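Peer 1: Handing you this structure, nothing more for now.
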Amino acid sequence: MSQIEAAKSGEVREGALHVVHVGGHSVALTRVGGRVQAFVNKCPHLGMPLSKGKIEGGAVTCPFHGSKFDICSGRNMDWVKTLLGMPLPGWAQNALAMGKKPAGLKTLSASERDGAVFLEV
Ligand code: FES
């Protein structure tokens, strides 16, 4: 494992996602309770980017089908609930899930020093 400088501290804000590219991956950075958090910017449902997702209460919601994840742990909280923000009935949620079982986000270890954010890769 090594540490890579990914962003300046001031670029990473609470309630917003700052996307960087590290080791060939798109990574989303944000703050929860002031602490920097990082996760691979790829929804585990269909691999769509989460960078336009809604951030609220330490969770990110996928803008495509409404799956929701705890940003700190990556834990799945909701799985395929909407289509582009429109609520779906249960049968449609199951159809849209396309057999994919609920899965969590891939999180990365992040730290800060000297005004910069570092990721463990
Ligand atoms: S791509 Fe994110 S919930 Fe479907």
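Labels used: A, B, ... for chains in the order of the structure tokens, numbers from 1 for residues in each chain, and numbers from 1 for ligands as shown.
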Could you pull out the helix (DSSP H, G or I) residues of chain A, going by DSSP on the backbone, and write them as JSON, numbers by chain?
Peer 2: {"A": [9, 10, 11, 90, 91, 92, 93, 94, 95, 96, 97]}
Peer 1: Give the residue list for ligand 1 at 10 Å, counting only C-alpha atoms and all ligand atoms, as JSON, numbers by chain, sorted by chain and then by residue number.
Peer 2: {"A": [42, 43, 44, 45, 46, 47, 48, 49, 50, 53, 61, 62, 63, 64, 65, 66, 67, 68, 78, 79, 80, 81, 82, 83, 84, 96, 97, 98, 100, 102]}
Peer 1: Just to be explicit: take each residue in the selection above, keep N, CA and C atoms, and write the result as a JSON list (two decimals), in the first residue's frame.
Peer 2:
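result-v8.json, written as the output of this step:
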[["chain", "number", "residue", "atom", "x", "y", "z"],
["A", 42, "LYS", "N", -18.53, 4.57, -8.52],
["A", 42, "LYS", "CA", -19.16, 3.59, -9.40],
["A", 42, "LYS", "C", -20.24, 2.88, -8.58],
["A", 43, "CYS", "N", -21.47, 3.04, -8.99],
["A", 43, "CYS", "CA", -22.56, 2.39, -8.27],
["A", 43, "CYS", "C", -22.46, 0.87, -8.44],
["A", 44, "PRO", "N", -22.56, 0.10, -7.33],
["A", 44, "PRO", "CA", -22.45, -1.35, -7.47],
["A", 44, "PRO", "C", -23.63, -1.99, -8.20],
["A", 45, "HIS", "N", -24.70, -1.24, -8.47],
["A", 45, "HIS", "CA", -25.82, -1.81, -9.21],
["A", 45, "HIS", "C", -25.42, -2.01, -10.68],
["A", 46, "LEU", "N", -25.24, -0.93, -11.44],
["A", 46, "LEU", "CA", -24.89, -1.05, -12.85],
["A", 46, "LEU", "C", -23.61, -0.30, -13.21],
["A", 47, "GLY", "N", -22.86, 0.11, -12.20],
["A", 47, "GLY", "CA", -21.58, 0.75, -12.46],
["A", 47, "GLY", "C", -21.66, 2.20, -12.91],
["A", 48, "MET", "N", -22.83, 2.81, -12.74],
["A", 48, "MET", "CA", -22.98, 4.21, -13.16],
["A", 48, "MET", "C", -22.29, 5.12, -12.12],
["A", 49, "PRO", "N", -21.86, 6.33, -12.56],
["A", 49, "PRO", "CA", -21.18, 7.23, -11.63],
["A", 49, "PRO", "C", -22.13, 7.79, -10.56],
["A", 50, "LEU", "N", -21.62, 7.88, -9.35],
["A", 50, "LEU", "CA", -22.41, 8.42, -8.23],
["A", 50, "LEU", "C", -22.16, 9.91, -8.04],
["A", 53, "GLY", "N", -24.95, 12.17, -7.54],
["A", 53, "GLY", "CA", -25.90, 11.67, -6.55],
["A", 53, "GLY", "C", -26.18, 12.68, -5.46],
["A", 61, "THR", "N", -27.05, 8.89, -2.51],
["A", 61, "THR", "CA", -28.09, 8.18, -3.25],
["A", 61, "THR", "C", -27.79, 8.27, -4.74],
["A", 62, "CYS", "N", -27.78, 7.12, -5.39],
["A", 62, "CYS", "CA", -27.48, 7.05, -6.83],
["A", 62, "CYS", "C", -28.58, 7.80, -7.60],
["A", 63, "PRO", "N", -28.18, 8.68, -8.55],
["A", 63, "PRO", "CA", -29.19, 9.45, -9.29],
["A", 63, "PRO", "C", -29.96, 8.61, -10.30],
["A", 64, "PHE", "N", -29.50, 7.43, -10.61],
["A", 64, "PHE", "CA", -30.13, 6.62, -11.66],
["A", 64, "PHE", "C", -31.28, 5.77, -11.15],
["A", 65, "HIS", "N", -31.06, 5.00, -10.09],
["A", 65, "HIS", "CA", -32.11, 4.09, -9.61],
["A", 65, "HIS", "C", -32.28, 4.13, -8.10],
["A", 66, "GLY", "N", -31.74, 5.14, -7.45],
["A", 66, "GLY", "CA", -32.05, 5.38, -6.04],
["A", 66, "GLY", "C", -31.40, 4.48, -5.01],
["A", 67, "SER", "N", -30.42, 3.68, -5.37],
["A", 67, "SER", "CA", -29.72, 2.92, -4.34],
["A", 67, "SER", "C", -28.97, 3.90, -3.45],
["A", 68, "LYS", "N", -28.94, 3.57, -2.15],
["A", 68, "LYS", "CA", -28.39, 4.51, -1.17],
["A", 68, "LYS", "C", -27.31, 3.81, -0.36],
["A", 78, "ASP", "N", -30.38, 1.25, 0.79],
["A", 78, "ASP", "CA", -31.55, 1.06, -0.08],
["A", 78, "ASP", "C", -31.02, 0.51, -1.39],
["A", 79, "TRP", "N", -31.83, -0.31, -2.06],
["A", 79, "TRP", "CA", -31.37, -0.93, -3.32],
["A", 79, "TRP", "C", -32.43, -0.77, -4.40],
["A", 80, "VAL", "N", -32.12, -0.04, -5.44],
["A", 80, "VAL", "CA", -32.96, 0.14, -6.64],
["A", 80, "VAL", "C", -34.41, 0.47, -6.24],
["A", 81, "LYS", "N", -34.64, 1.75, -5.92],
["A", 81, "LYS", "CA", -35.94, 2.21, -5.45],
["A", 81, "LYS", "C", -36.66, 3.13, -6.43],
["A", 82, "THR", "N", -35.90, 3.76, -7.34],
["A", 82, "THR", "CA", -36.49, 4.77, -8.21],
["A", 82, "THR", "C", -35.92, 4.65, -9.62],
["A", 83, "LEU", "N", -36.54, 5.34, -10.56],
["A", 83, "LEU", "CA", -35.97, 5.47, -11.91],
["A", 83, "LEU", "C", -35.86, 6.97, -12.17],
["A", 84, "LEU", "N", -34.64, 7.45, -12.22],
["A", 84, "LEU", "CA", -34.35, 8.88, -12.41],
["A", 84, "LEU", "C", -35.18, 9.75, -11.47],
["A", 96, "LEU", "N", -35.90, -3.94, -12.36],
["A", 96, "LEU", "CA", -34.79, -3.03, -12.65],
["A", 96, "LEU", "C", -33.49, -3.49, -11.97],
["A", 97, "ALA", "N", -33.61, -4.21, -10.87],
["A", 97, "ALA", "CA", -32.40, -4.72, -10.19],
["A", 97, "ALA", "C", -31.68, -5.73, -11.08],
["A", 98, "MET", "N", -32.41, -6.32, -12.02],
["A", 98, "MET", "CA", -31.84, -7.25, -13.00],
["A", 98, "MET", "C", -31.05, -8.38, -12.34],
["A", 100, "LYS", "N", -29.39, -8.41, -9.71],
["A", 100, "LYS", "CA", -28.23, -8.02, -8.90],
["A", 100, "LYS", "C", -28.66, -7.89, -7.44],
["A", 102, "PRO", "N", -28.20, -6.65, -3.47],
["A", 102, "PRO", "CA", -27.65, -5.45, -2.84],
["A", 102, "PRO", "C", -26.17, -5.62, -2.50]]
Peer 1: List the neighbours of Glu5 in chain A out to 10 Å using only C-alpha atoms; skip same-chain residues closer than 2 positions along the sequence, and give me the result as a PyMOL selection string.
Peer 2: chain A and resi 3+7-8+22+110-113+116-120
Peer 1: Report as a PDB file with C-alpha atoms, in the first residue's frame all protein, DNA and RNA residues lying within 9 Å of Leu108 in chain A, evaluated on only C-alpha atoms, omitting residues in the same chain fewer than 4 positions from it.
Peer 2:
ATOM      1  CA  VAL A  27     -12.843   8.298  -6.882  1.00  0.00           C
ATOM      2  CA  GLN A  37     -14.164  10.088   3.095  1.00  0.00           C
ATOM      3  CA  ALA A  38     -13.458   8.426  -0.258  1.00  0.00           C
ATOM      4  CA  PHE A  39     -15.190   5.812  -2.373  1.00  0.00           C
ATOM      5  CA  VAL A  40     -14.933   4.450  -5.900  1.00  0.00           C
ATOM      6  CA  LEU A 119      -5.579   8.079  -0.441  1.00  0.00           C
ATOM      7  CA  GLU A 120      -4.251   4.622   0.394  1.00  0.00           C
ATOM      8  CA  VAL A 121      -3.912   2.693  -2.854  1.00  0.00           C
TER       9      VAL A 121
END
Peer 1: Would you please work out which residue, of A:Ala92, A:Met86, A:Ala6, A:Met77, is nearest to Gly115 in chain A when using only C-alpha atoms?
Peer 2: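 Residue with the minimum atom-to-atom distance to Gly115 in chain A: A:Ala6.
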Peer 1: May I ask for the distance between CA of Val19 in chain A and CA of Gly57 in chain A, given in Å to one decimal place?
Peer 2: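 Pair CA of Val19 in chain A / CA of Gly57 in chain A returns 19.4 Å.
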Peer 1: Quick one: pick out all strand (DSSP E) residues within chain A from a backbone DSSP run and write them as a PyMOL selection string.
Peer 2: chain A and resi 3-8+18-22+25-32+35-40+54-56+59-61+68-70+76-78+82-83+86-87+107-108+110-113+116-120
Peer 1: Point out the residue among A:Ala95, A:Val32, A:Cys72, A:Met1 with the least atom-to-atom distance to Arg13 in chain A, counting only C-alpha atoms.
Peer 2: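 Smallest distance to Arg13 in chain A is found for A:Val32.
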Peer 1: Of the candidates A:Lys52, A:Gly10, A:Ala28, A:Pro87, which one gets nearest to Leu105 in chain A if we count only C-alpha atoms?
Peer 2: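 Closest residue, counting only C-alpha atoms: A:Ala28.
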Peer 1: Could you work out how far CA of Ala59 in chain A lies from CA of Lys106 in chain A, giving the answer in Å with one decimal?
Peer 2: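 Computing the Euclidean distance for CA of Lys106 in chain A and CA of Ala59 in chain A yields 13.6 Å.
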Peer 1: May I ask which of the residues A:Ile71, A:Ser51, A:Glu11, A:Asn76 is the closest one to Gly33 in chain A, counting only C-alpha atoms?
Peer 2: A:Ile71
Peer 1: For CA of Arg35 in chain A and CA of Arg75 in chain A, determine how far apart the two atoms are, in Å to one decimal place.
Peer 2: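 Answer for the CA of Arg35 in chain A to CA of Arg75 in chain A separation: 17.6 Å.
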